[in-house]
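J.: There's a structure below that I have some questions on.
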Amino acid sequence: MEKLLLSEIVTAVRGSFGYPSNIEVTSISTDTRTIEKGAVFVALKGNNFDGHDYAAKAMELGAVAVVAERAIEGAKCIIVDSTHLALLDIASYYRDKFNIKLVGITGSVGKTTTKEFVSLVMSKKFNTLKTIKNFNNEIGLPMTLFDLTNKHEAAVIEMGMSNLGEISRLSQTAKPDLCVITNIGFSHIENLGSQKNILKAKMEILDGADENAPLILSKDDKFLKDVKVRADRKKIFYSISDTSADVYASDIITRDDKIEFNINSDGNTYKAKINFLGEHNIKNALAAFCVGREYRISPESMIEAISEYIPEGIRQTISDINGVKIIADCYNSSPDSAKSALHTLSQINTTGKKIAVLGDMLELGKMSNELHRSVGEAVCEENIDLLLCLGDMSDYYIKGALKKGFDINNTKVFTSKDEIAEYLKSTMTEGDAILFKASRGMKFEEIIEKIK
């Protein structure tokens with residue numbers, strides 16, 4: 001973090017502070033475990049915690065002030081109406097200190113992978129800051145912006161949401177000069193009610209964007225291909241099927257654990273590859289190519305950058321356990337991402353069985369039964385050999401699979417992760433490929449640990 005005076009923070013949050021404020025601030029913190037000398041502590045409140053309870057402790061640890069909604073004994077408090085909004089206000093003020101290229105990314109699925117592709121592309125030409133992990137909400141995004149320094153020339157910022165208004169606030173904080181929307185799916189439809197409302201929420205990314213900020217969209221998405229924006233707003237489309245898009249893929253070939261394809265742009269064709277499976281990831285790479293194209297990064301550099309990304313952790317990583325290929329895609333799940341994961345499983349070159357281990361997709365509201373059935377249908381359509389399920393929605397996965405002709409003898413419902421692990425250990429053989437896919441709350445990575 002670059003030099004910032006306490007007086008600037010008081011001004012940024014429009015707060016009340018009765019102490020000397022000509023003091024240098026070294027960092028902003030919302031967690032006393034990260035407090036360092038010279039920090040300002042923002043006392044956030046949540047369902048199960050209240051940062052105000054730790055304000056005095058923050059001062060003891062070296063904080064110079066606390067942003068709070070009430071006076072607290074033992075703390076020098078900057079009093080505000082809302083500490084959550086104050087955190088965004090500080091981040092917005094700090095972001096304005098930097099004349100950088102800032103890319104904002106949102107969408108129902110693929111945000112994080114697209115962010116990784118884009119940051120690699122941007123880093124070929126600019127010193128680039130990116131959102132770490134999935135810190136894409138109203139706490140994580142400000143903390144990312146506080147990492148900006150005078151050495152940075154660009155930033156790639158991911159924006160997530162669970163309801164209307166959230167991306168608007170994030171966009172007005174980050175102020176992107178180029179925006180990407182990956183797709184409109186069903187994530188958070190329980191809160192938003194319809195895909196039209198999800199589209200409305202994602203389009204809020206323009207609320208804080210530069211008036212000339214281009215908008216990069218997937219032409220393969222039925223909601224985005226015809227989206228309406230201001231007449232003079234530049235729209236750039238990418239596609240894996242529509243050759244009328246500004247940037248499109250062709251000649252897609254899956255080889256082992258990588259995909260080779262051509263990227264077509266401005267009358268030229270470039271050979272590209274990504275070192276992991278899933279055709280949906282080609283779309284994410286194309287989005288990154290579109291970003292680099294706008295910033296005049298050479299196609300050759302972009303192709304190199306795209307090939308450098310390898311997923312980590314539990315986001316569709318492929319590993320080997322005693323000759324069995326394990327696809328760990330346990331970070332989150334939605335109908336679109338689950339179907340994409342099943343397609344990835346179907347593409348795996350294997351001599352054994354292809355096994356889908358599926359858990360509940362959460363936050364789907366009234367459409368939950370229907371959407372779980374649709375994923376079950378995809379199990380049959382992708383020629384998966386065995387369907388194993390855990391969770392309240394297991395029967396709907398199986399009903400969907402059976403509807404398309406899947407053999408009921410190749411389905412099984414379990415009551416615990418231990419039970420699935422024991423079954424797999426007794427039945428999986430060398431040459432098999434197993435997909436683990438569920439919403440984050442299901443913690444399916446624990447099953448993988450049990451079968452190692």
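Letters for chains follow the order of the structure tokens (A, B, ...), residue numbers begin at 1 for each chain, and ligand numbers begin at 1 in the order shown.
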Neighbours of Thr411 (chain A) within 8 Å (only C-alpha atoms; same-chain residues fewer than 5 positions away dropped), as an MDAnalysis selection string?
T.: chainID A and resid 386:389 398
J.: Identify, on the basis of only C-alpha atoms, every residue whose closest approach to Ile310 (chain A) does not exceed 12 Å; exclude the query and any residue fewer than 4 positions from it along the same chain; express the result as a PyMOL selection string.
T.: chain A and resi 113+116-117+120+257-258+273-277+281+305-306+314-318
J.: Could you turn the residues from that selection into a file that holds N, CA and C atoms, as a CSV table (one decimal), in the first residue's frame?
T.:
chain,number,residue,atom,x,y,z
A,113,THR,N,-11.3,-18.5,-13.6
A,113,THR,CA,-10.4,-19.0,-14.7
A,113,THR,C,-10.2,-17.9,-15.7
A,116,GLU,N,-7.7,-15.5,-14.3
A,116,GLU,CA,-6.3,-16.0,-14.4
A,116,GLU,C,-5.7,-15.9,-15.8
A,117,PHE,N,-6.5,-16.2,-16.8
A,117,PHE,CA,-6.1,-16.1,-18.2
A,117,PHE,C,-5.8,-14.6,-18.5
A,120,LEU,N,-2.6,-13.3,-16.9
A,120,LEU,CA,-1.4,-13.8,-17.6
A,120,LEU,C,-1.1,-13.0,-18.9
A,257,ASP,N,-4.5,-34.5,-21.9
A,257,ASP,CA,-5.0,-33.6,-20.9
A,257,ASP,C,-4.9,-32.2,-21.4
A,258,LYS,N,-4.9,-31.9,-22.7
A,258,LYS,CA,-4.8,-30.6,-23.2
A,258,LYS,C,-5.8,-30.4,-24.4
A,273,LYS,N,-3.2,-23.4,-27.4
A,273,LYS,CA,-3.5,-24.6,-26.6
A,273,LYS,C,-3.7,-24.2,-25.1
A,274,ILE,N,-4.5,-25.0,-24.4
A,274,ILE,CA,-4.6,-24.9,-23.0
A,274,ILE,C,-4.3,-26.2,-22.4
A,275,ASN,N,-3.6,-26.2,-21.3
A,275,ASN,CA,-3.1,-27.5,-20.7
A,275,ASN,C,-4.0,-28.1,-19.7
A,276,PHE,N,-5.3,-28.1,-20.0
A,276,PHE,CA,-6.3,-28.8,-19.2
A,276,PHE,C,-7.5,-28.9,-20.1
A,277,LEU,N,-8.5,-29.8,-19.6
A,277,LEU,CA,-9.6,-30.1,-20.5
A,277,LEU,C,-10.8,-29.2,-20.2
A,281,ASN,N,-13.4,-23.9,-21.1
A,281,ASN,CA,-12.2,-23.1,-20.8
A,281,ASN,C,-11.6,-22.4,-22.1
A,305,ALA,N,0.8,-16.7,-23.2
A,305,ALA,CA,0.3,-16.6,-21.8
A,305,ALA,C,-0.9,-17.6,-21.6
A,306,ILE,N,-1.7,-17.8,-22.6
A,306,ILE,CA,-2.8,-18.7,-22.4
A,306,ILE,C,-2.3,-20.1,-22.1
A,314,ILE,N,-8.9,-27.1,-6.1
A,314,ILE,CA,-10.1,-28.0,-6.3
A,314,ILE,C,-10.9,-27.4,-7.4
A,315,ARG,N,-10.3,-26.7,-8.4
A,315,ARG,CA,-11.0,-26.1,-9.5
A,315,ARG,C,-10.6,-26.9,-10.8
A,316,GLN,N,-11.3,-28.0,-11.0
A,316,GLN,CA,-11.1,-28.9,-12.1
A,316,GLN,C,-9.7,-29.2,-12.4
A,317,THR,N,-9.0,-29.6,-11.3
A,317,THR,CA,-7.6,-30.1,-11.5
A,317,THR,C,-7.7,-31.6,-11.7
A,318,ILE,N,-6.7,-32.1,-12.5
A,318,ILE,CA,-6.7,-33.5,-12.8
A,318,ILE,C,-5.4,-34.1,-12.2
J.: Nearest to Ile132 (chain A): which of A:Asp407, A:Val156, A:Asp31, A:Gly110 is it, counting only C-alpha atoms?
T.: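 The shortest atom-to-atom distance to Ile132 (chain A) comes from A:Val156.
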J.: Closest to Lys228 (chain A) among A:Leu362, A:Met203, A:Ala421, A:Asp50, using only C-alpha atoms?
T.: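 Smallest separation from Lys228 (chain A) among the options: A:Met203.
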J.: Report as a list of chain:residue names all protein, DNA and RNA residues lying within 12 Å of Asn127 (chain A), evaluated on only C-alpha atoms, omitting residues in the same chain fewer than 3 positions from it.
T.: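 Final neighbour list, sorted by chain and number: A:Ile100, A:Lys101, A:Leu102, A:Ser119, A:Leu120, A:Val121, A:Met122, A:Ser123, A:Lys124, A:Lys130, A:Leu148, A:Thr149, A:Asn150, A:Lys151, A:His152, A:Glu153, A:Ala154, A:Ala155, A:Val156.
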J.: Pull the strand (DSSP E) assignments for region 260-317 of chain A out of DSSP run on the backbone, and list those residues as a VMD selection string.
T.: chain A and resid 260 to 265 268 to 274 315 to 317
J.: Give me the residues within 8 Å of Phe41 (chain A) as a PDB file with C-alpha atoms, in the first residue's frame, counting only C-alpha atoms and dropping any in the same chain fewer than 4 places off.
T.:
ATOM      1  CA  ILE A  28      -6.189  -1.277   6.053  1.00  0.00           C
ATOM      2  CA  SER A  29      -7.398  -4.335   7.976  1.00  0.00           C
ATOM      3  CA  THR A  30     -10.709  -6.007   8.761  1.00  0.00           C
ATOM      4  CA  ASP A  31      -9.096  -8.797  10.837  1.00  0.00           C
ATOM      5  CA  THR A  32      -7.055  -8.258  14.015  1.00  0.00           C
ATOM      6  CA  ILE A  35      -3.028  -5.852  12.155  1.00  0.00           C
ATOM      7  CA  ALA A  55     -11.592  -2.550  18.209  1.00  0.00           C
ATOM      8  CA  ALA A  58      -6.734  -3.627  17.253  1.00  0.00           C
ATOM      9  CA  ALA A  63      -3.743   0.378  14.816  1.00  0.00           C
ATOM     10  CA  ALA A  65      -7.632   4.335  14.385  1.00  0.00           C
ATOM     11  CA  VAL A  66     -10.780   2.254  14.035  1.00  0.00           C
ATOM     12  CA  VAL A  67     -13.586   2.849  11.544  1.00  0.00           C
TER      13      VAL A  67
END
J.: Find the residues near Lys222 (chain A): any atom within 12 Å, counting only C-alpha atoms, skip ones fewer than 2 places away on the same chain, and give them as a ChimeraX atom specification.
T.: /A:182-185,195-196,199,217-220,224-227,239
J.: Within 8 Å of Ile189 (chain A), counting only C-alpha atoms, which residues show up once you throw out same-chain ones fewer than 2 positions away? Write them as a ChimeraX atom specification, please.
T.: /A:186-187,191-195,198,363-365
J.: Using only C-alpha atoms, pick whichever of A:Asn136, A:Ile355, A:Lys437, A:Tyr423 has the shortest atom-to-atom distance to Asn410 (chain A).
T.: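 Using only C-alpha atoms, Asn410 (chain A) sits closest to A:Ile355.
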J.: Report, in Å with one decimal, the straight-line distance from CA of Thr173 (chain A) to CA of Glu211 (chain A).
T.: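 Going from CA of Thr173 (chain A) over to CA of Glu211 (chain A), I get 14.9 Å.
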J.: Go through A:Leu170, A:Val25, A:Ile181, A:Leu164 and flag the residue nearest Phe223 (chain A), using only C-alpha atoms for the distances.
T.: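 Ranked by minimum distance to Phe223 (chain A), first place goes to A:Ile181.
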J.: In Å, rounded to a single decimal, give me how far CA of Ser265 (chain A) is from CA of Val247 (chain A).
T.: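 Answer for the CA of Val247 (chain A) to CA of Ser265 (chain A) separation: 4.8 Å.
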J.: Take CA of Gly140 (chain A) and CA of Met159 (chain A) and report the distance between them in Å, one decimal.
T.: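 Those two atoms sit 9.4 Å apart.
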J.: Which of these, A:Glu294, A:Leu286, A:Leu390, A:Gly352, has the shortest distance to Asp418 (chain A) once you count only C-alpha atoms?
T.: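 Among the listed residues, A:Leu390 lies closest to Asp418 (chain A).
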J.: Name the closest residue to Ser340 (chain A) among the candidates A:Ala12, A:Ile79, A:Val379, A:Leu5; distances are taken between atoms, counting only C-alpha atoms.
T.: A:Val379
